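Enquirer: Structure file target-v9.txt (compact mmCIF, C-alpha atoms) is given on the next line.
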```txt
# COMPACT_ATOMS: atom_id res chain seq x y z
CA MET V 1 -18.80 31.51 -24.75
CA LYS V 2 -19.32 31.25 -21.02
CA ARG V 3 -17.83 28.12 -19.53
CA LEU V 4 -20.39 25.93 -17.81
CA SER V 5 -19.78 24.99 -14.19
CA TYR V 6 -20.75 21.56 -12.91
CA ARG V 7 -21.59 20.48 -9.41
CA SER V 8 -20.14 17.11 -8.38
CA GLU V 9 -23.42 15.98 -6.85
CA GLN V 10 -25.01 16.08 -10.32
CA ALA V 11 -22.74 13.25 -11.41
CA PRO V 12 -23.55 9.58 -10.63
CA PRO V 13 -21.62 8.00 -7.74
CA THR V 14 -18.39 6.17 -8.46
CA GLN V 15 -16.64 3.33 -6.71
CA VAL V 16 -12.98 2.69 -7.48
CA ARG V 17 -11.12 -0.48 -6.50
CA THR V 18 -7.38 -0.72 -7.02
CA LEU V 19 -6.04 -2.99 -4.27
CA GLY V 20 -6.03 -6.59 -5.45
CA GLN V 21 -8.46 -5.86 -8.27
CA VAL V 22 -9.11 -3.16 -10.84
CA GLU V 23 -12.67 -1.92 -11.09
CA VAL V 24 -14.36 1.42 -11.64
CA LEU V 25 -18.11 1.47 -11.14
CA VAL V 26 -20.27 4.39 -12.19
CA ALA V 27 -23.78 4.26 -10.78
CA GLY V 28 -23.10 0.61 -9.97
CA ARG V 29 -21.99 -0.34 -13.50
CA PRO V 30 -18.49 -0.76 -14.95
CA ALA V 31 -17.10 2.38 -16.53
CA ILE V 32 -16.87 2.30 -20.32
CA TRP V 33 -13.51 3.80 -21.31
CA HIS V 34 -13.73 3.44 -25.12
CA ALA V 35 -9.91 3.31 -25.16
CA HIS V 36 -7.20 1.87 -22.91
CA THR V 37 -5.46 5.25 -22.89
CA ALA V 38 -8.42 6.76 -21.03
CA GLU V 39 -8.31 4.09 -18.35
CA GLU V 40 -4.55 4.52 -18.10
CA LEU V 41 -4.86 8.29 -17.68
CA PHE V 42 -7.49 7.85 -14.97
CA PHE V 43 -5.34 5.53 -12.86
CA TYR V 44 -2.25 7.66 -13.45
CA LEU V 45 -4.04 10.69 -12.02
CA LEU V 46 -5.39 8.56 -9.17
CA SER V 47 -1.79 7.62 -8.33
CA TYR V 48 -0.78 11.30 -8.16
CA PRO V 49 -3.64 13.10 -6.41
CA GLU V 50 -1.67 16.36 -6.28
CA GLY V 51 -1.91 16.46 -10.09
CA ARG V 52 0.37 16.29 -13.10
CA SER V 53 1.10 18.68 -15.93
CA LYS V 54 0.16 17.93 -19.51
CA ALA V 55 3.84 17.56 -20.41
CA GLU V 56 4.38 15.04 -17.60
CA ILE V 57 1.34 13.05 -18.67
CA LEU V 58 2.31 12.96 -22.32
CA GLU V 59 5.87 11.91 -21.59
CA THR V 60 5.12 9.34 -18.87
CA LEU V 61 2.13 7.62 -20.44
CA TRP V 62 2.88 7.84 -24.14
CA GLY V 63 6.46 9.04 -24.55
CA LEU V 64 5.34 12.15 -26.43
CA ASP V 65 6.52 15.72 -26.51
CA PRO V 66 3.88 18.45 -26.56
CA ASP V 67 2.92 19.23 -30.16
CA PRO V 68 -0.41 19.69 -31.98
CA VAL V 69 -0.87 15.95 -32.53
CA ALA V 70 0.04 15.03 -28.94
CA ASN V 71 -2.12 17.83 -27.55
CA ASN V 72 -5.08 16.58 -29.55
CA ARG V 73 -4.54 13.06 -28.26
CA PHE V 74 -4.49 14.42 -24.73
CA ARG V 75 -7.75 16.35 -25.23
CA VAL V 76 -9.50 13.32 -26.69
CA THR V 77 -8.29 11.06 -23.88
CA LEU V 78 -9.31 13.58 -21.24
CA PHE V 79 -12.77 13.80 -22.79
CA ARG V 80 -13.06 10.01 -22.72
CA VAL V 81 -12.18 9.91 -19.01
CA ARG V 82 -14.84 12.47 -18.17
CA THR V 83 -17.34 10.67 -20.38
CA ALA V 84 -16.59 7.28 -18.84
CA LEU V 85 -17.15 8.72 -15.36
CA GLN V 86 -20.25 10.58 -16.58
CA ASN V 87 -18.85 13.62 -14.83
CA PRO V 88 -17.46 16.66 -16.71
CA ALA V 89 -15.81 17.81 -13.47
CA ALA V 90 -14.10 14.48 -12.77
CA VAL V 91 -10.75 15.83 -13.99
CA GLN V 92 -9.92 19.40 -13.06
CA GLU V 93 -7.20 21.73 -14.32
CA ASP V 94 -5.53 24.27 -12.06
CA HIS V 95 -2.52 26.34 -13.14
CA GLY V 96 -1.56 23.80 -15.77
CA ARG V 97 -1.91 20.74 -13.52
CA TYR V 98 -4.59 18.11 -14.06
CA ARG V 99 -6.01 16.22 -11.11
CA LEU V 100 -9.01 14.11 -10.23
CA SER V 101 -11.75 15.81 -8.26
CA GLU V 102 -11.96 15.25 -4.52
CA THR V 103 -15.22 13.36 -5.03
CA ILE V 104 -13.53 10.85 -7.34
CA LEU V 105 -10.45 10.51 -5.12
CA ARG V 106 -12.57 9.84 -2.06
CA SER V 107 -14.47 7.08 -3.87
CA SER V 108 -11.36 4.87 -4.09
CA ASP V 109 -10.24 2.08 -1.77
CA LEU V 110 -6.79 3.69 -1.88
CA TYR V 111 -8.17 6.82 -0.24
CA SER V 112 -9.91 4.75 2.45
CA PHE V 113 -6.71 2.78 3.03
CA TYR V 114 -4.62 5.90 3.69
CA GLN V 115 -7.37 7.48 5.74
CA ALA V 116 -7.32 4.44 8.02
CA LEU V 117 -3.54 4.67 8.34
CA ALA V 118 -3.79 8.35 9.21
CA GLU V 119 -6.45 7.58 11.81
CA GLY V 120 -4.10 5.03 13.35
CA GLN V 121 -1.31 7.58 13.61
CA ARG V 122 -3.61 10.17 15.18
CA ALA V 123 -5.23 7.76 17.65
CA SER V 124 -4.56 8.50 21.30
CA CYS V 125 -5.00 4.96 22.64
CA ASP V 126 -4.00 1.48 21.56
CA THR V 127 -7.58 0.32 21.09
CA ALA V 128 -8.30 3.07 18.56
CA ARG V 129 -4.94 2.54 16.87
CA LEU V 130 -5.57 -1.18 16.58
CA GLU V 131 -9.01 -0.65 15.09
CA ALA V 132 -7.72 1.83 12.51
CA TYR V 133 -4.74 -0.26 11.41
CA GLN V 134 -6.82 -3.41 11.17
CA LYS V 135 -9.26 -1.50 8.99
CA ALA V 136 -6.37 -0.52 6.69
CA ILE V 137 -5.16 -4.12 6.58
CA ALA V 138 -8.64 -5.34 5.65
CA LEU V 139 -8.84 -2.79 2.83
CA TYR V 140 -5.57 -4.02 1.33
CA GLN V 141 -6.94 -6.92 -0.69
CA GLY V 142 -3.80 -7.21 -2.80
CA ASP V 143 -1.18 -5.17 -4.58
CA TYR V 144 -2.04 -1.96 -6.38
CA LEU V 145 -3.41 -2.18 -9.93
CA PRO V 146 -2.71 -5.85 -10.68
CA GLY V 147 -2.20 -6.41 -14.38
CA PHE V 148 -0.61 -2.99 -14.99
CA ALA V 149 3.11 -3.21 -15.81
CA ASN V 150 4.07 0.44 -16.28
CA ASN V 151 7.04 1.89 -14.40
CA TRP V 152 4.88 4.47 -12.64
CA VAL V 153 2.54 1.71 -11.48
CA SER V 154 5.44 -0.37 -10.15
CA GLU V 155 6.70 2.58 -8.12
CA ALA V 156 3.27 3.31 -6.67
CA ARG V 157 2.67 -0.39 -6.04
CA GLU V 158 5.86 -0.69 -4.01
CA GLU V 159 5.02 2.39 -1.93
CA HIS V 160 1.50 1.16 -1.16
CA ARG V 161 2.86 -2.28 -0.26
CA THR V 162 5.29 -0.58 2.12
CA ALA V 163 2.38 1.24 3.76
CA TYR V 164 0.55 -2.07 4.16
CA ILE V 165 3.57 -3.66 5.81
CA GLN V 166 3.74 -0.67 8.13
CA ALA V 167 0.18 -1.36 9.28
CA LEU V 168 1.01 -5.03 9.91
CA LEU V 169 4.05 -4.09 12.00
CA GLU V 170 2.05 -1.52 13.95
CA VAL V 171 -0.55 -4.15 14.87
CA ALA V 172 2.16 -6.68 15.74
CA LEU V 173 3.71 -4.10 18.07
CA ILE V 174 0.39 -3.45 19.82
CA TYR V 175 -0.19 -7.14 20.40
CA TYR V 176 3.40 -7.61 21.57
CA ASP V 177 2.97 -4.87 24.16
CA ARG V 178 -0.17 -6.68 25.31
CA ALA V 179 1.81 -9.94 25.64
CA ASP V 180 -0.51 -11.54 23.08
CA TRP V 181 2.24 -13.55 21.42
CA ARG V 182 -0.06 -15.52 19.13
CA GLN V 183 -1.59 -12.42 17.54
CA ALA V 184 1.79 -10.69 17.37
CA ALA V 185 3.15 -13.72 15.52
CA LEU V 186 0.20 -13.74 13.14
CA TYR V 187 0.84 -10.18 11.96
CA LEU V 188 4.61 -10.65 11.83
CA GLN V 189 4.03 -13.68 9.61
CA GLN V 190 1.91 -11.60 7.24
CA ALA V 191 4.53 -8.85 7.10
CA LEU V 192 7.37 -11.29 6.42
CA LYS V 193 5.33 -13.12 3.80
CA LYS V 194 4.88 -9.82 1.99
CA ASP V 195 8.53 -8.88 2.36
CA PRO V 196 10.93 -11.60 3.59
CA TYR V 197 13.77 -9.08 3.25
CA LEU V 198 12.48 -6.92 6.12
CA GLY V 199 15.37 -7.94 8.34
CA GLU V 200 16.56 -10.99 10.24
CA ASN V 201 15.52 -9.45 13.56
CA TYR V 202 11.87 -9.78 12.46
CA HIS V 203 12.38 -13.47 11.77
CA GLN V 204 13.87 -13.79 15.25
CA ARG V 205 10.88 -11.98 16.75
CA LEU V 206 8.48 -14.26 14.94
CA MET V 207 10.29 -17.36 16.17
CA TRP V 208 10.27 -16.02 19.73
CA CYS V 209 6.56 -15.12 19.63
CA LEU V 210 5.60 -18.51 18.23
CA ALA V 211 7.58 -20.29 20.92
CA ALA V 212 6.17 -18.04 23.65
CA ALA V 213 2.67 -18.85 22.36
CA GLY V 214 3.39 -22.57 22.76
CA ASP V 215 4.06 -23.30 19.09
CA SER V 216 7.68 -24.41 19.21
CA TYR V 217 7.12 -26.59 16.15
CA GLY V 218 5.94 -23.56 14.16
CA ALA V 219 8.95 -21.56 15.35
CA ILE V 220 11.40 -24.23 14.18
CA GLU V 221 9.55 -24.67 10.89
CA HIS V 222 9.87 -20.94 10.26
CA TYR V 223 13.57 -21.13 11.08
CA ARG V 224 14.01 -23.94 8.55
CA ARG V 225 12.15 -22.01 5.86
CA PHE V 226 14.17 -18.91 6.65
CA THR V 227 17.43 -20.85 6.45
CA LYS V 228 16.40 -22.23 3.06
CA PHE V 229 15.44 -18.74 1.88
CA LEU V 230 18.84 -17.33 2.89
CA ARG V 231 20.69 -20.16 1.20
CA GLU V 232 18.75 -20.10 -2.07
CA GLU V 233 18.14 -16.38 -2.45
CA LEU V 234 21.22 -14.82 -0.85
CA GLY V 235 23.76 -17.62 -0.54
CA ASP V 236 23.94 -16.88 3.19
CA THR V 237 23.26 -18.49 6.56
CA PRO V 238 21.39 -17.23 9.65
CA MET V 239 23.19 -15.03 12.15
CA PRO V 240 24.64 -16.76 15.25
CA GLU V 241 21.92 -15.13 17.38
CA THR V 242 19.21 -16.69 15.21
CA GLN V 243 20.87 -20.10 15.32
CA ALA V 244 21.20 -19.90 19.11
CA LEU V 245 17.53 -18.94 19.46
CA ALA V 246 16.52 -21.93 17.33
CA GLU V 247 18.61 -24.24 19.51
CA ARG V 248 17.02 -22.94 22.72
CA ILE V 249 13.56 -23.46 21.23
CA LYS V 250 14.45 -26.99 20.11
CA GLN V 251 15.64 -27.85 23.62
CA ASN V 252 12.57 -26.27 25.22
CA GLN V 253 14.77 -23.99 27.26
CA LEU V 254 13.21 -21.08 29.12
CA LEU V 255 13.28 -18.10 26.80
CA LEU V 256 14.33 -14.76 28.19
CA PRO V 257 11.84 -11.99 27.47
CA TYR V 258 12.54 -10.43 24.11
CA HIS V 259 13.59 -6.80 24.50
CA ASN V 260 10.64 -4.41 24.31
CA PRO V 261 10.05 -3.46 20.66
CA SER V 262 8.83 -0.03 21.80
CA SER V 263 12.50 0.94 21.98
CA SER V 264 13.75 -1.42 19.30
CA SER V 265 14.28 -1.40 15.58
CA LEU V 266 10.68 -2.49 15.05
CA THR V 267 9.47 0.98 15.96
CA GLY V 268 12.38 2.49 14.10
CA HIS V 269 11.43 0.63 10.95
CA VAL V 270 7.78 1.60 11.34
CA ASN V 271 8.79 5.24 11.64
CA GLN V 272 10.97 4.91 8.57
CA LEU V 273 8.10 3.42 6.62
CA ALA V 274 5.86 6.28 7.73
CA THR V 275 8.03 8.73 5.82
CA ALA V 276 7.63 6.85 2.53
CA PRO V 277 6.70 9.16 -0.38
CA ALA V 278 3.33 7.47 -0.93
CA LEU V 279 2.29 8.02 2.68
CA GLN V 280 3.14 11.70 2.54
CA LEU V 281 1.56 12.07 -0.87
CA HIS V 282 -1.73 10.46 -0.03
CA ARG V 283 -2.09 11.95 3.42
CA SER V 284 -1.66 15.43 2.01
CA GLY V 285 -3.25 14.91 -1.36
CA LEU V 286 -6.29 12.79 -0.65
```
Translate this structure into structure tokens?

Expert:
Amino acid sequence: MKRLSYRSEQAPPTQVRTLGQVEVLVAGRPAIWHAHTAEELFFYLLSYPEGRSKAEILETLWGLDPDPVANNRFRVTLFRVRTALQNPAAVQEDHGRYRLSETILRSSDLYSFYQALAEGQRASCDTARLEAYQKAIALYQGDYLPGFANNWVSEAREEHRTAYIQALLEVALIYYDRADWRQAALYLQQALKKDPYLGENYHQRLMWCLAAAGDSYGAIEHYRRFTKFLREELGDTPMPETQALAERIKQNQLLLPYHNPSSSSLTGHVNQLATAPALQLHRSGL
């Protein structure tokens, strides 16, 4: 029997939200999965836009080896995904690998997030870079797939969080270069709130920016919180440089200009983050 071909525009539009909430809308209404395994398979394929083999899917999602029973479960689940999305072409198979269609991938907030990051990297001026990275930051409404506890979700979640922190650091760097200490501090605060383990130099930068913006009280309060964090979480104390900076701020001493982050570890860390697997995966796969 001749296999039917389907055009993606025949299917109803989808909208997929994964950052801070989990929602799949088909023609404006929540998708009906009929089984959790179908929803799980959909988000697994969304997390790996380059596709996965049947064997990888069976083992990762359900701990199964390929056999007649497992293969039947896979076929039924795949049918349920396509039915829920009201799109027979939603999941495509190519040389043994199953992947979501480009139309479905592009309907997700995750795709838009990485597109914005890519636009920021390609931008030729700070204004365009700032606009793109702020767009990415606005799209990141929270961590990836909240409520899912699978190992593959945790790995993807950490990579997407790393990409978000990258965007925050990029914006902080732009504002620092513009001598807008208040805005630089704002984005450094967000990055450190998301990952207080980024490095003590970032805590120093935040303290300096707050003090330079006229908020010495905020700088010392951050130092106190950071000291408590080190003591309770790591059993450690701040570096001598951090302690000396806090003392200068307390005494309202003139602060020497912080060395330009364009040649510092801030840029180095941003570049390191840019090579994260999720960034490469989504920039090439989405």

Enquirer: Given all atoms listed in the file as the basis, pick out the residue of V:Val81, V:Val171, V:Ile220, V:Leu188 nearest to Ile249 (chain V).

Expert: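 Selected residue with least distance to Ile249 (chain V): V:Ile220.
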
Enquirer: Using all atoms listed in the file, find each residue in region 55-128 of chain V having at least one atom no more than 12 Å away from region 23-35 of chain V; report its shortest atom-to-atom pair and that distance in Å (one decimal), rows by chain then rising number, as JSON lines.

Expert:
```
{"residue": "V:Arg73", "atom": "CA", "partner": "V:Ala35", "partner_atom": "CA", "distance": 11.6}
{"residue": "V:Val76", "atom": "CA", "partner": "V:Ala35", "partner_atom": "CA", "distance": 10.1}
{"residue": "V:Thr77", "atom": "CA", "partner": "V:Ala35", "partner_atom": "CA", "distance": 8.0}
{"residue": "V:Leu78", "atom": "CA", "partner": "V:Trp33", "partner_atom": "CA", "distance": 10.6}
{"residue": "V:Phe79", "atom": "CA", "partner": "V:Trp33", "partner_atom": "CA", "distance": 10.1}
{"residue": "V:Arg80", "atom": "CA", "partner": "V:Trp33", "partner_atom": "CA", "distance": 6.4}
{"residue": "V:Val81", "atom": "CA", "partner": "V:Trp33", "partner_atom": "CA", "distance": 6.7}
{"residue": "V:Arg82", "atom": "CA", "partner": "V:Trp33", "partner_atom": "CA", "distance": 9.3}
{"residue": "V:Thr83", "atom": "CA", "partner": "V:Trp33", "partner_atom": "CA", "distance": 7.9}
{"residue": "V:Ala84", "atom": "CA", "partner": "V:Ile32", "partner_atom": "CA", "distance": 5.2}
{"residue": "V:Leu85", "atom": "CA", "partner": "V:Val26", "partner_atom": "CA", "distance": 6.2}
{"residue": "V:Gln86", "atom": "CA", "partner": "V:Val26", "partner_atom": "CA", "distance": 7.6}
{"residue": "V:Asn87", "atom": "CA", "partner": "V:Val26", "partner_atom": "CA", "distance": 9.7}
{"residue": "V:Ala90", "atom": "CA", "partner": "V:Val26", "partner_atom": "CA", "distance": 11.8}
{"residue": "V:Ile104", "atom": "CA", "partner": "V:Val24", "partner_atom": "CA", "distance": 10.4}
{"residue": "V:Leu105", "atom": "CA", "partner": "V:Val24", "partner_atom": "CA", "distance": 11.9}
{"residue": "V:Ser107", "atom": "CA", "partner": "V:Val24", "partner_atom": "CA", "distance": 9.6}
{"residue": "V:Ser108", "atom": "CA", "partner": "V:Val24", "partner_atom": "CA", "distance": 8.8}
{"residue": "V:Asp109", "atom": "CA", "partner": "V:Glu23", "partner_atom": "CA", "distance": 10.4}
```

Enquirer: Interatomic distance between CA of Arg17 (chain V) and CA of Ala172 (chain V)?

Expert: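 A separation of 26.6 Å between them.
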
Enquirer: Find the residues around Gly199 (chain V) up to 12 Å (all atoms listed in the file counted), leave out those fewer than 3 positions away in its own chain, and share them as a tab-separated table (two decimals) with C-alpha atoms, keeping the file's coordinate frame.

Expert:
```
chain	number	residue	atom	x	y	z
V	188	LEU	CA	4.61	-10.65	11.83
V	191	ALA	CA	4.53	-8.85	7.10
V	192	LEU	CA	7.37	-11.29	6.42
V	195	ASP	CA	8.53	-8.88	2.36
V	196	PRO	CA	10.93	-11.60	3.59
V	202	TYR	CA	11.87	-9.78	12.46
V	203	HIS	CA	12.38	-13.47	11.77
V	204	GLN	CA	13.87	-13.79	15.25
V	205	ARG	CA	10.88	-11.98	16.75
V	206	LEU	CA	8.48	-14.26	14.94
V	226	PHE	CA	14.17	-18.91	6.65
V	230	LEU	CA	18.84	-17.33	2.89
V	238	PRO	CA	21.39	-17.23	9.65
V	239	MET	CA	23.19	-15.03	12.15
V	242	THR	CA	19.21	-16.69	15.21
V	265	SER	CA	14.28	-1.40	15.58
V	266	LEU	CA	10.68	-2.49	15.05
V	269	HIS	CA	11.43	0.63	10.95
```

Enquirer: I want to know what sits within 9 Å of Thr237 (chain V), based on only C-alpha atoms, with residues of the same chain fewer than 3 positions away left out; could you give that as JSON, numbers by chain?

Expert: {"V": [227, 228, 230, 231, 234, 240]}

Enquirer: Those residues you just picked out, can you put them in a file as a PDB file, keeping the file's coordinate frame with C-alpha atoms?

Expert:
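What landed in out17.pdb:
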```pdb
ATOM      1  CA  THR V 227      17.430 -20.850   6.450  1.00  0.00           C
ATOM      2  CA  LYS V 228      16.400 -22.230   3.060  1.00  0.00           C
ATOM      3  CA  LEU V 230      18.840 -17.330   2.890  1.00  0.00           C
ATOM      4  CA  ARG V 231      20.690 -20.160   1.200  1.00  0.00           C
ATOM      5  CA  LEU V 234      21.220 -14.820  -0.850  1.00  0.00           C
ATOM      6  CA  PRO V 240      24.640 -16.760  15.250  1.00  0.00           C
TER       7      PRO V 240
END
```

Enquirer: Using all atoms listed in the file, pick whichever of V:Lys193, V:Lys54, V:Arg178, V:Arg75 has the shortest atom-to-atom distance to His95 (chain V).

Expert: V:Lys54

Enquirer: For a cut-off of 12 Å around (10.1, -15.2, 17.0), file coordinates, pick out all residues using only C-alpha atoms and list them as a short mmCIF file (atom, residue, chain, number, x, y, z; two decimals) with C-alpha atoms, in the coordinates of the input.

Expert:
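And here's out_36.cif as it stands now:
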```
data_model
loop_
_atom_site.label_atom_id
_atom_site.label_comp_id
_atom_site.auth_asym_id
_atom_site.auth_seq_id
_atom_site.Cartn_x
_atom_site.Cartn_y
_atom_site.Cartn_z
CA ALA V 172 2.16 -6.68 15.74
CA TYR V 176 3.40 -7.61 21.57
CA TRP V 181 2.24 -13.55 21.42
CA ARG V 182 -0.06 -15.52 19.13
CA ALA V 184 1.79 -10.69 17.37
CA ALA V 185 3.15 -13.72 15.52
CA LEU V 186 0.20 -13.74 13.14
CA TYR V 187 0.84 -10.18 11.96
CA LEU V 188 4.61 -10.65 11.83
CA GLN V 189 4.03 -13.68 9.61
CA LEU V 192 7.37 -11.29 6.42
CA GLU V 200 16.56 -10.99 10.24
CA ASN V 201 15.52 -9.45 13.56
CA TYR V 202 11.87 -9.78 12.46
CA HIS V 203 12.38 -13.47 11.77
CA GLN V 204 13.87 -13.79 15.25
CA ARG V 205 10.88 -11.98 16.75
CA LEU V 206 8.48 -14.26 14.94
CA MET V 207 10.29 -17.36 16.17
CA TRP V 208 10.27 -16.02 19.73
CA CYS V 209 6.56 -15.12 19.63
CA LEU V 210 5.60 -18.51 18.23
CA ALA V 211 7.58 -20.29 20.92
CA ALA V 212 6.17 -18.04 23.65
CA ALA V 213 2.67 -18.85 22.36
CA GLY V 214 3.39 -22.57 22.76
CA ASP V 215 4.06 -23.30 19.09
CA SER V 216 7.68 -24.41 19.21
CA TYR V 217 7.12 -26.59 16.15
CA GLY V 218 5.94 -23.56 14.16
CA ALA V 219 8.95 -21.56 15.35
CA ILE V 220 11.40 -24.23 14.18
CA GLU V 221 9.55 -24.67 10.89
CA HIS V 222 9.87 -20.94 10.26
CA TYR V 223 13.57 -21.13 11.08
CA PHE V 226 14.17 -18.91 6.65
CA GLU V 241 21.92 -15.13 17.38
CA THR V 242 19.21 -16.69 15.21
CA GLN V 243 20.87 -20.10 15.32
CA LEU V 245 17.53 -18.94 19.46
CA ALA V 246 16.52 -21.93 17.33
CA ARG V 248 17.02 -22.94 22.72
CA ILE V 249 13.56 -23.46 21.23
CA LEU V 255 13.28 -18.10 26.80
CA LEU V 256 14.33 -14.76 28.19
CA PRO V 257 11.84 -11.99 27.47
CA TYR V 258 12.54 -10.43 24.11
CA HIS V 259 13.59 -6.80 24.50
#
```

Enquirer: Build an axis-aligned box that encloses every atom of region 43-50 of chain V listed in the file, pad it by 6 Å on each side, and report its centre and edge lengths in Å to one decimal, as AutoDock Vina command-line options.

Expert:
```
--center_x -3.1 --center_y 10.9 --center_z -9.9 --size_x 16.6 --size_y 22.8 --size_z 19.2
```

Enquirer: Env of Glu155 (chain V): 12 Å cut, atoms = all atoms listed in the file, seq-sep filter 2 positions within chain, self excluded. Answer as a list in words.

Expert: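 Residues meeting the cut-off are Tyr44, Ser47, Tyr48, Asp143, Tyr144, Leu145, Phe148, Ala149, Asn150, Asn151, Trp152, Val153, Arg157, Glu158, Glu159, His160, Arg161, Thr162, Ala276, Pro277 and Ala278 of chain V.
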
Enquirer: Please, what distance in Å, to one decimal, runs between CA of Gly20 (chain V) and CA of Gln190 (chain V)?

Expert: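 CA of Gln190 (chain V) lies 15.8 Å from CA of Gly20 (chain V).
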
Enquirer: Could you state the separation of CA of Tyr98 (chain V) and CA of Thr18 (chain V) in Å, given to one decimal place?

Expert: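 So the two atoms, CA of Tyr98 (chain V) and CA of Thr18 (chain V), lie 20.3 Å apart.
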
Enquirer: Could you check which of V:Ala167, V:Ile57, V:Ala138, V:Leu46 is closest to Leu100 (chain V), using all atoms listed in the file?

Expert: V:Leu46

Enquirer: Complete the atom set of region 131-149 of chain V to N, CA and C atoms and return it as a short mmCIF file (atom, residue, chain, number, x, y, z; two decimals), in the frame of the given file.

Expert:
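Result file rebuild_39.cif:
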```cif
data_model
loop_
_atom_site.label_atom_id
_atom_site.label_comp_id
_atom_site.auth_asym_id
_atom_site.auth_seq_id
_atom_site.Cartn_x
_atom_site.Cartn_y
_atom_site.Cartn_z
N GLU V 131 -7.84 -0.62 15.95
CA GLU V 131 -9.01 -0.65 15.09
C GLU V 131 -8.72 -0.01 13.74
N ALA V 132 -8.01 1.12 13.75
CA ALA V 132 -7.72 1.83 12.51
C ALA V 132 -6.77 1.02 11.62
N TYR V 133 -5.71 0.50 12.21
CA TYR V 133 -4.74 -0.26 11.41
C TYR V 133 -5.34 -1.57 10.89
N GLN V 134 -6.17 -2.20 11.67
CA GLN V 134 -6.82 -3.41 11.17
C GLN V 134 -7.79 -3.09 10.04
N LYS V 135 -8.40 -1.93 10.09
CA LYS V 135 -9.26 -1.50 8.99
C LYS V 135 -8.43 -1.32 7.72
N ALA V 136 -7.25 -0.70 7.85
CA ALA V 136 -6.37 -0.52 6.69
C ALA V 136 -5.94 -1.87 6.13
N ILE V 137 -5.60 -2.79 7.01
CA ILE V 137 -5.16 -4.12 6.58
C ILE V 137 -6.28 -4.84 5.82
N ALA V 138 -7.51 -4.71 6.32
CA ALA V 138 -8.64 -5.34 5.65
C ALA V 138 -8.89 -4.74 4.27
N LEU V 139 -8.63 -3.45 4.12
CA LEU V 139 -8.84 -2.79 2.83
C LEU V 139 -7.80 -3.23 1.79
N TYR V 140 -6.64 -3.62 2.25
CA TYR V 140 -5.57 -4.02 1.33
C TYR V 140 -5.82 -5.46 0.89
N GLN V 141 -6.57 -5.61 -0.18
CA GLN V 141 -6.94 -6.92 -0.69
C GLN V 141 -5.89 -7.51 -1.63
N GLY V 142 -4.85 -6.76 -1.89
CA GLY V 142 -3.80 -7.21 -2.80
C GLY V 142 -3.04 -6.01 -3.30
N ASP V 143 -2.02 -6.26 -4.10
CA ASP V 143 -1.18 -5.17 -4.58
C ASP V 143 -1.93 -4.24 -5.52
N TYR V 144 -1.41 -3.04 -5.63
CA TYR V 144 -2.04 -1.96 -6.38
C TYR V 144 -2.05 -2.24 -7.88
N LEU V 145 -3.20 -2.05 -8.48
CA LEU V 145 -3.41 -2.18 -9.93
C LEU V 145 -2.78 -3.45 -10.52
N PRO V 146 -3.22 -4.62 -10.08
CA PRO V 146 -2.71 -5.85 -10.68
C PRO V 146 -3.01 -5.89 -12.17
N GLY V 147 -2.03 -6.34 -12.93
CA GLY V 147 -2.20 -6.41 -14.38
C GLY V 147 -1.58 -5.24 -15.11
N PHE V 148 -1.29 -4.14 -14.39
CA PHE V 148 -0.61 -2.99 -14.99
C PHE V 148 0.90 -3.16 -14.80
N ALA V 149 1.66 -2.97 -15.88
CA ALA V 149 3.11 -3.21 -15.81
C ALA V 149 3.94 -1.97 -16.04
#
```
